[in-house]
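**Student:** Below you will find the structure I want to go over with you.
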Amino acid sequence: MEINREIKNITSAFVLEDNLTECIPYGSGHINDTYRLTYDTGKHYILQKMNRSIFTKPVELMENVSGVTAWLKKKIQENGGDVERETLNLVMTKDGLPYYVDEDGEYWRVYLFIENATCYDMVKDEEDFYQSAVAFGHFQRLLADYPAETLHETIVNFHTVDRLDKFKTAVEKDICHRAADVEKEIQFVLDRTELAHVLCDMQDQGKLPLRVTHNDTKLNNIMIDNATGKAICVIDLDTVMPGLSVNDFGDSIRFGASTGAEDEKDLTKVSCDLHLYEVYVKGFIEGCGGALTETELDMLPMGAILMTFECGMRFLTDYLEGDHYFKIHREGHNLDRCRTQFKLVKDMEEKLSRMKEIVNKYKQV
Ligand code: ADP
Ligand code: GN1
Ligand code: MG
């Protein structure tokens, strides 16, 4: 990407080196615009334009990210770890802020680049998946005593039954006239409206504790060290909010224990791999180090089903509304994504008792 005046202006607002030689789009996230900066010293940074239509409270969001990364830094230091690789590190602006607002009102931030580490979009080696499980579990544990009440709810009702209401509205409005073509998928949701209530009800009844959660625990939000194969850093902290541990577990299973990509068109390739599920259960429970309650452990399989259902419903809602939320790279991309999620839900519903047995096996260790 040509280093245009806009990028030069933005980067010069931050405390960075002088001679920027390259700025290229980077990664495969659905939400933010991410770039890798290279300076003539060879040093890299991550530059991100935060998605303003999704993150409507960017200042609060950056307060969350600053608070959580400072907390993690302290814990990593206490444990003798490498603070520049084991957590995200924000680069400040020359005005001492963790973000820069450009002339158009867009919010930008810069992170130190974590070198010699990779984010994987699919499980190629089950050890990577195990590592991501330990890392997300460990993230839970390190933040178990973080004052969760000081975190802002940056996206209100992120995992609640409100998602179902939004879906129903999208079907009723049908602004793109797409509903008639996806009757089967719509019915799939309507057949499971009770499912959408299960975890919210338990939370309301105080059966599941509120925790600091990541809310986007995909395998590609973990950086794996190229040399050691160990998960070193949990990234993408935009959705860190108070929430449920079972949702964090569930999102990892939805993405990483699937035998197909999130947008696979050939649904015969998509199912929940129980071996990978077991690998993750083991790693997550180990990483949490006893931080989860008995009920949380019992609800892990339900978390996997529900998060997959919710994500499929979100993809379908976005398809019906004209693909304004998730970035798409082809016609019908969100519908393809929805279909993989519903295929997984169905498969997990059939495998539920086995999924429970697997949790029981590790919870007794
Ligand atoms: P999105 O919310 O759009 O998914 P992410 O914050 O996950 O954005 O970043 C997108 C990609 O950029 C990641 O998958 C990863 O490959 C890369 N990335 C993000 N932060 C860093 C970092 N600090 N060091 C190296 N690569 C990073
Ligand atoms: C989005 O930014 P990314 O690609 O890591 C989304 C998640 C979804 C995910 C589906 C803020 O995550 O909630 O689960 O896509 N992030 C937001 O792949 O909505
Ligand atoms: Mg990401």
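Residue numbering restarts at 1 for every chain of the structure tokens, chains are lettered A, B, ... in their displayed order, and ligands are numbered from 1 as they appear.
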Restrict the calculation to only C-alpha atoms and all ligand atoms, then for each residue of chain A with any atom at most 7 Å from an atom of ligand 3 give the closest atom pair and their distance in Å to one decimal, rows by chain and rising residue number, as JSON lines.

**Tutor:**
```
{"residue": "A:Gly29", "atom": "CA", "partner": "ligand 3", "partner_atom_place_in_ligand_line": "1 (Mg)", "distance": 4.6}
{"residue": "A:Asn220", "atom": "CA", "partner": "ligand 3", "partner_atom_place_in_ligand_line": "1 (Mg)", "distance": 6.1}
{"residue": "A:Asn221", "atom": "CA", "partner": "ligand 3", "partner_atom_place_in_ligand_line": "1 (Mg)", "distance": 4.9}
{"residue": "A:Asp236", "atom": "CA", "partner": "ligand 3", "partner_atom_place_in_ligand_line": "1 (Mg)", "distance": 5.1}
```

**Student:** Can you pull out every residue within 6 Å of range 82-88 of chain A, counting only C-alpha atoms, but drop anything in the same chain fewer than 6 positions away, and send it as a ChimeraX atom specification?

**Tutor:** /A:73,114,232-233

**Student:** Please dump the current selection as a compact mmCIF listing (two decimals), in the first residue's frame; keep all heavy atoms.

**Tutor:**
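Dumped everything to out-v4.txt:
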```
# COMPACT_ATOMS: atom_id res chain seq x y z
N LYS A 73 0.23 -6.64 32.12
CA LYS A 73 1.66 -6.31 32.15
C LYS A 73 2.23 -6.52 33.56
O LYS A 73 3.29 -7.11 33.74
CB LYS A 73 1.84 -4.84 31.77
CG LYS A 73 2.69 -4.62 30.56
CD LYS A 73 2.58 -3.18 30.16
CE LYS A 73 3.81 -2.72 29.46
NZ LYS A 73 3.59 -1.51 28.69
N ILE A 114 4.17 -8.00 17.45
CA ILE A 114 4.75 -9.20 18.06
C ILE A 114 5.40 -10.01 16.94
O ILE A 114 4.71 -10.54 16.06
CB ILE A 114 3.67 -10.00 18.82
CG1 ILE A 114 3.11 -9.10 19.94
CG2 ILE A 114 4.25 -11.29 19.39
CD1 ILE A 114 1.86 -9.61 20.60
N ILE A 232 1.60 -17.23 22.95
CA ILE A 232 2.25 -16.21 23.79
C ILE A 232 1.34 -15.06 24.15
O ILE A 232 1.47 -14.48 25.21
CB ILE A 232 3.55 -15.65 23.15
CG1 ILE A 232 3.34 -15.36 21.68
CG2 ILE A 232 4.72 -16.56 23.42
CD1 ILE A 232 4.42 -14.50 21.12
N CYS A 233 0.39 -14.73 23.27
CA CYS A 233 -0.36 -13.50 23.54
C CYS A 233 -1.81 -13.59 23.07
O CYS A 233 -2.08 -14.05 21.97
CB CYS A 233 0.34 -12.34 22.83
SG CYS A 233 -0.35 -10.74 23.23
```

**Student:** Within 6 Å of ligand 2, which residues of chain A come that close, and what is the closest atom pair and distance in Å for each? Count only C-alpha atoms and all ligand atoms and give it as CSV.

**Tutor:**
```
residue,atom,partner,partner_atom_place_in_ligand_line,distance
A:Gly29,CA,ligand 2,4 (O),3.9
A:His30,CA,ligand 2,4 (O),3.7
A:Ile31,CA,ligand 2,2 (O),4.4
A:Asp216,CA,ligand 2,7 (C),5.4
A:Cys311,CA,ligand 2,14 (O),5.9
```

**Student:** Please find the residues contacting ligand 1 at a distance of at most 8 Å between atoms, with only C-alpha atoms and all ligand atoms counted, and report them as a PDB file with N, CA, C and O atoms, in the first residue's frame.

**Tutor:**
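selection17.pdb was written with the following content:
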```pdb
ATOM      1  N   TYR A  26      -3.226  -5.979   6.820  1.00  0.00           N
ATOM      2  CA  TYR A  26      -2.681  -7.123   7.548  1.00  0.00           C
ATOM      3  C   TYR A  26      -3.776  -7.925   8.251  1.00  0.00           C
ATOM      4  O   TYR A  26      -4.721  -7.350   8.783  1.00  0.00           O
ATOM      5  N   GLY A  27      -3.625  -9.254   8.270  1.00  0.00           N
ATOM      6  CA  GLY A  27      -4.517 -10.110   9.050  1.00  0.00           C
ATOM      7  C   GLY A  27      -5.840 -10.384   8.352  1.00  0.00           C
ATOM      8  O   GLY A  27      -6.070  -9.946   7.217  1.00  0.00           O
ATOM      9  N   SER A  28      -6.715 -11.122   9.035  1.00  0.00           N
ATOM     10  CA  SER A  28      -7.983 -11.504   8.396  1.00  0.00           C
ATOM     11  C   SER A  28      -9.185 -11.231   9.291  1.00  0.00           C
ATOM     12  O   SER A  28     -10.156 -11.972   9.282  1.00  0.00           O
ATOM     13  N   GLY A  29      -9.102 -10.151  10.085  1.00  0.00           N
ATOM     14  CA  GLY A  29     -10.239  -9.810  10.960  1.00  0.00           C
ATOM     15  C   GLY A  29     -11.438  -9.324  10.165  1.00  0.00           C
ATOM     16  O   GLY A  29     -11.293  -8.841   9.041  1.00  0.00           O
ATOM     17  N   HIS A  30     -12.628  -9.463  10.760  1.00  0.00           N
ATOM     18  CA  HIS A  30     -13.864  -9.056  10.080  1.00  0.00           C
ATOM     19  C   HIS A  30     -14.262  -7.614  10.406  1.00  0.00           C
ATOM     20  O   HIS A  30     -15.244  -7.115   9.889  1.00  0.00           O
ATOM     21  N   ILE A  31     -13.576  -6.964  11.355  1.00  0.00           N
ATOM     22  CA  ILE A  31     -14.134  -5.742  11.919  1.00  0.00           C
ATOM     23  C   ILE A  31     -13.265  -4.495  11.698  1.00  0.00           C
ATOM     24  O   ILE A  31     -13.724  -3.527  11.105  1.00  0.00           O
ATOM     25  N   ASN A  32     -12.042  -4.523  12.184  1.00  0.00           N
ATOM     26  CA  ASN A  32     -11.195  -3.328  12.085  1.00  0.00           C
ATOM     27  C   ASN A  32     -10.390  -3.332  10.789  1.00  0.00           C
ATOM     28  O   ASN A  32     -10.286  -4.355  10.114  1.00  0.00           O
ATOM     29  N   ASP A  33      -9.802  -2.169  10.452  1.00  0.00           N
ATOM     30  CA  ASP A  33      -8.837  -2.130   9.347  1.00  0.00           C
ATOM     31  C   ASP A  33      -7.459  -2.195   9.978  1.00  0.00           C
ATOM     32  O   ASP A  33      -7.077  -1.282  10.726  1.00  0.00           O
ATOM     33  N   THR A  34      -6.755  -3.255   9.683  1.00  0.00           N
ATOM     34  CA  THR A  34      -5.451  -3.474  10.319  1.00  0.00           C
ATOM     35  C   THR A  34      -4.331  -3.347   9.290  1.00  0.00           C
ATOM     36  O   THR A  34      -4.458  -3.863   8.175  1.00  0.00           O
ATOM     37  N   TYR A  35      -3.262  -2.658   9.664  1.00  0.00           N
ATOM     38  CA  TYR A  35      -2.097  -2.480   8.785  1.00  0.00           C
ATOM     39  C   TYR A  35      -0.834  -2.844   9.546  1.00  0.00           C
ATOM     40  O   TYR A  35      -0.764  -2.679  10.767  1.00  0.00           O
ATOM     41  N   ARG A  36       0.158  -3.308   8.782  1.00  0.00           N
ATOM     42  CA  ARG A  36       1.485  -3.473   9.389  1.00  0.00           C
ATOM     43  C   ARG A  36       2.365  -2.340   8.891  1.00  0.00           C
ATOM     44  O   ARG A  36       2.499  -2.137   7.676  1.00  0.00           O
ATOM     45  N   TYR A  45       5.132  -2.253  13.392  1.00  0.00           N
ATOM     46  CA  TYR A  45       4.059  -1.930  14.343  1.00  0.00           C
ATOM     47  C   TYR A  45       2.736  -2.335  13.702  1.00  0.00           C
ATOM     48  O   TYR A  45       2.639  -2.458  12.480  1.00  0.00           O
ATOM     49  N   ILE A  46       1.735  -2.493  14.532  1.00  0.00           N
ATOM     50  CA  ILE A  46       0.372  -2.707  14.020  1.00  0.00           C
ATOM     51  C   ILE A  46      -0.381  -1.385  14.151  1.00  0.00           C
ATOM     52  O   ILE A  46      -0.385  -0.771  15.226  1.00  0.00           O
ATOM     53  N   GLN A  48      -4.164   0.257  13.594  1.00  0.00           N
ATOM     54  CA  GLN A  48      -5.558  -0.151  13.369  1.00  0.00           C
ATOM     55  C   GLN A  48      -6.496   1.043  13.362  1.00  0.00           C
ATOM     56  O   GLN A  48      -6.415   1.917  14.233  1.00  0.00           O
ATOM     57  N   LEU A  88      -0.593  -7.312  24.550  1.00  0.00           N
ATOM     58  CA  LEU A  88      -0.556  -6.201  23.618  1.00  0.00           C
ATOM     59  C   LEU A  88       0.019  -4.980  24.341  1.00  0.00           C
ATOM     60  O   LEU A  88      -0.244  -4.791  25.537  1.00  0.00           O
ATOM     61  N   ASN A  89       0.795  -4.185  23.623  1.00  0.00           N
ATOM     62  CA  ASN A  89       1.364  -2.956  24.182  1.00  0.00           C
ATOM     63  C   ASN A  89       0.956  -1.784  23.309  1.00  0.00           C
ATOM     64  O   ASN A  89       1.315  -1.728  22.127  1.00  0.00           O
ATOM     65  N   TYR A 111      -0.100  -0.664  18.063  1.00  0.00           N
ATOM     66  CA  TYR A 111       0.443  -1.641  19.011  1.00  0.00           C
ATOM     67  C   TYR A 111       1.863  -2.006  18.604  1.00  0.00           C
ATOM     68  O   TYR A 111       2.184  -2.009  17.394  1.00  0.00           O
ATOM     69  N   LEU A 112       2.674  -2.371  19.580  1.00  0.00           N
ATOM     70  CA  LEU A 112       3.960  -2.993  19.241  1.00  0.00           C
ATOM     71  C   LEU A 112       3.644  -4.248  18.456  1.00  0.00           C
ATOM     72  O   LEU A 112       2.665  -4.945  18.749  1.00  0.00           O
ATOM     73  N   PHE A 113       4.462  -4.545  17.463  1.00  0.00           N
ATOM     74  CA  PHE A 113       4.247  -5.734  16.636  1.00  0.00           C
ATOM     75  C   PHE A 113       4.906  -6.924  17.325  1.00  0.00           C
ATOM     76  O   PHE A 113       6.056  -6.850  17.751  1.00  0.00           O
ATOM     77  N   ILE A 114       4.166  -7.997  17.450  1.00  0.00           N
ATOM     78  CA  ILE A 114       4.748  -9.198  18.059  1.00  0.00           C
ATOM     79  C   ILE A 114       5.404 -10.013  16.941  1.00  0.00           C
ATOM     80  O   ILE A 114       4.715 -10.544  16.063  1.00  0.00           O
ATOM     81  N   GLU A 115       6.727 -10.028  16.978  1.00  0.00           N
ATOM     82  CA  GLU A 115       7.496 -10.660  15.904  1.00  0.00           C
ATOM     83  C   GLU A 115       7.565 -12.177  16.095  1.00  0.00           C
ATOM     84  O   GLU A 115       7.437 -12.671  17.210  1.00  0.00           O
ATOM     85  N   ALA A 117       5.687 -14.646  15.438  1.00  0.00           N
ATOM     86  CA  ALA A 117       4.516 -15.337  15.986  1.00  0.00           C
ATOM     87  C   ALA A 117       3.416 -15.278  14.933  1.00  0.00           C
ATOM     88  O   ALA A 117       3.402 -14.380  14.090  1.00  0.00           O
ATOM     89  N   THR A 118       2.499 -16.255  14.973  1.00  0.00           N
ATOM     90  CA  THR A 118       1.485 -16.375  13.923  1.00  0.00           C
ATOM     91  C   THR A 118       0.105 -16.544  14.524  1.00  0.00           C
ATOM     92  O   THR A 118      -0.054 -17.196  15.553  1.00  0.00           O
ATOM     93  N   CYS A 119      -0.889 -15.956  13.830  1.00  0.00           N
ATOM     94  CA  CYS A 119      -2.295 -16.210  14.167  1.00  0.00           C
ATOM     95  C   CYS A 119      -2.827 -17.192  13.133  1.00  0.00           C
ATOM     96  O   CYS A 119      -2.732 -16.921  11.931  1.00  0.00           O
ATOM     97  N   TYR A 120      -3.404 -18.284  13.565  1.00  0.00           N
ATOM     98  CA  TYR A 120      -3.905 -19.282  12.614  1.00  0.00           C
ATOM     99  C   TYR A 120      -5.409 -19.166  12.431  1.00  0.00           C
ATOM    100  O   TYR A 120      -6.153 -19.042  13.403  1.00  0.00           O
ATOM    101  N   ASN A 220      -7.704 -17.334  15.840  1.00  0.00           N
ATOM    102  CA  ASN A 220      -6.879 -16.298  15.206  1.00  0.00           C
ATOM    103  C   ASN A 220      -6.751 -15.021  16.047  1.00  0.00           C
ATOM    104  O   ASN A 220      -6.216 -14.032  15.580  1.00  0.00           O
ATOM    105  N   ASN A 221      -7.217 -15.079  17.280  1.00  0.00           N
ATOM    106  CA  ASN A 221      -6.940 -13.978  18.198  1.00  0.00           C
ATOM    107  C   ASN A 221      -5.908 -14.377  19.248  1.00  0.00           C
ATOM    108  O   ASN A 221      -5.816 -13.775  20.324  1.00  0.00           O
ATOM    109  N   ILE A 222      -5.151 -15.408  18.915  1.00  0.00           N
ATOM    110  CA  ILE A 222      -4.040 -15.860  19.764  1.00  0.00           C
ATOM    111  C   ILE A 222      -2.792 -15.862  18.902  1.00  0.00           C
ATOM    112  O   ILE A 222      -2.826 -16.343  17.767  1.00  0.00           O
ATOM    113  N   MET A 223      -1.701 -15.336  19.440  1.00  0.00           N
ATOM    114  CA  MET A 223      -0.450 -15.390  18.689  1.00  0.00           C
ATOM    115  C   MET A 223       0.380 -16.567  19.205  1.00  0.00           C
ATOM    116  O   MET A 223       0.616 -16.693  20.408  1.00  0.00           O
ATOM    117  N   ILE A 235      -4.767 -11.510  21.734  1.00  0.00           N
ATOM    118  CA  ILE A 235      -4.901 -10.195  21.100  1.00  0.00           C
ATOM    119  C   ILE A 235      -6.394  -9.848  20.907  1.00  0.00           C
ATOM    120  O   ILE A 235      -7.262 -10.569  21.386  1.00  0.00           O
ATOM    121  N   ASP A 236      -6.654  -8.774  20.178  1.00  0.00           N
ATOM    122  CA  ASP A 236      -8.013  -8.358  19.828  1.00  0.00           C
ATOM    123  C   ASP A 236      -8.881  -8.153  21.076  1.00  0.00           C
ATOM    124  O   ASP A 236      -9.859  -8.879  21.303  1.00  0.00           O
ATOM    125  N   LEU A 237      -8.514  -7.142  21.844  1.00  0.00           N
ATOM    126  CA  LEU A 237      -9.164  -6.930  23.142  1.00  0.00           C
ATOM    127  C   LEU A 237     -10.354  -5.970  23.067  1.00  0.00           C
ATOM    128  O   LEU A 237     -10.838  -5.489  24.086  1.00  0.00           O
ATOM    129  N   ASP A 238     -10.834  -5.708  21.845  1.00  0.00           N
ATOM    130  CA  ASP A 238     -11.920  -4.736  21.674  1.00  0.00           C
ATOM    131  C   ASP A 238     -13.176  -5.093  22.443  1.00  0.00           C
ATOM    132  O   ASP A 238     -13.931  -4.221  22.840  1.00  0.00           O
TER     133      ASP A 238
END
```

**Student:** Do a neighbour search on Thr56 in chain A at 10 Å with only C-alpha atoms, toss out local chain neighbours closer than 6 positions, and write the hits as a count of residues only.

**Tutor:** 3
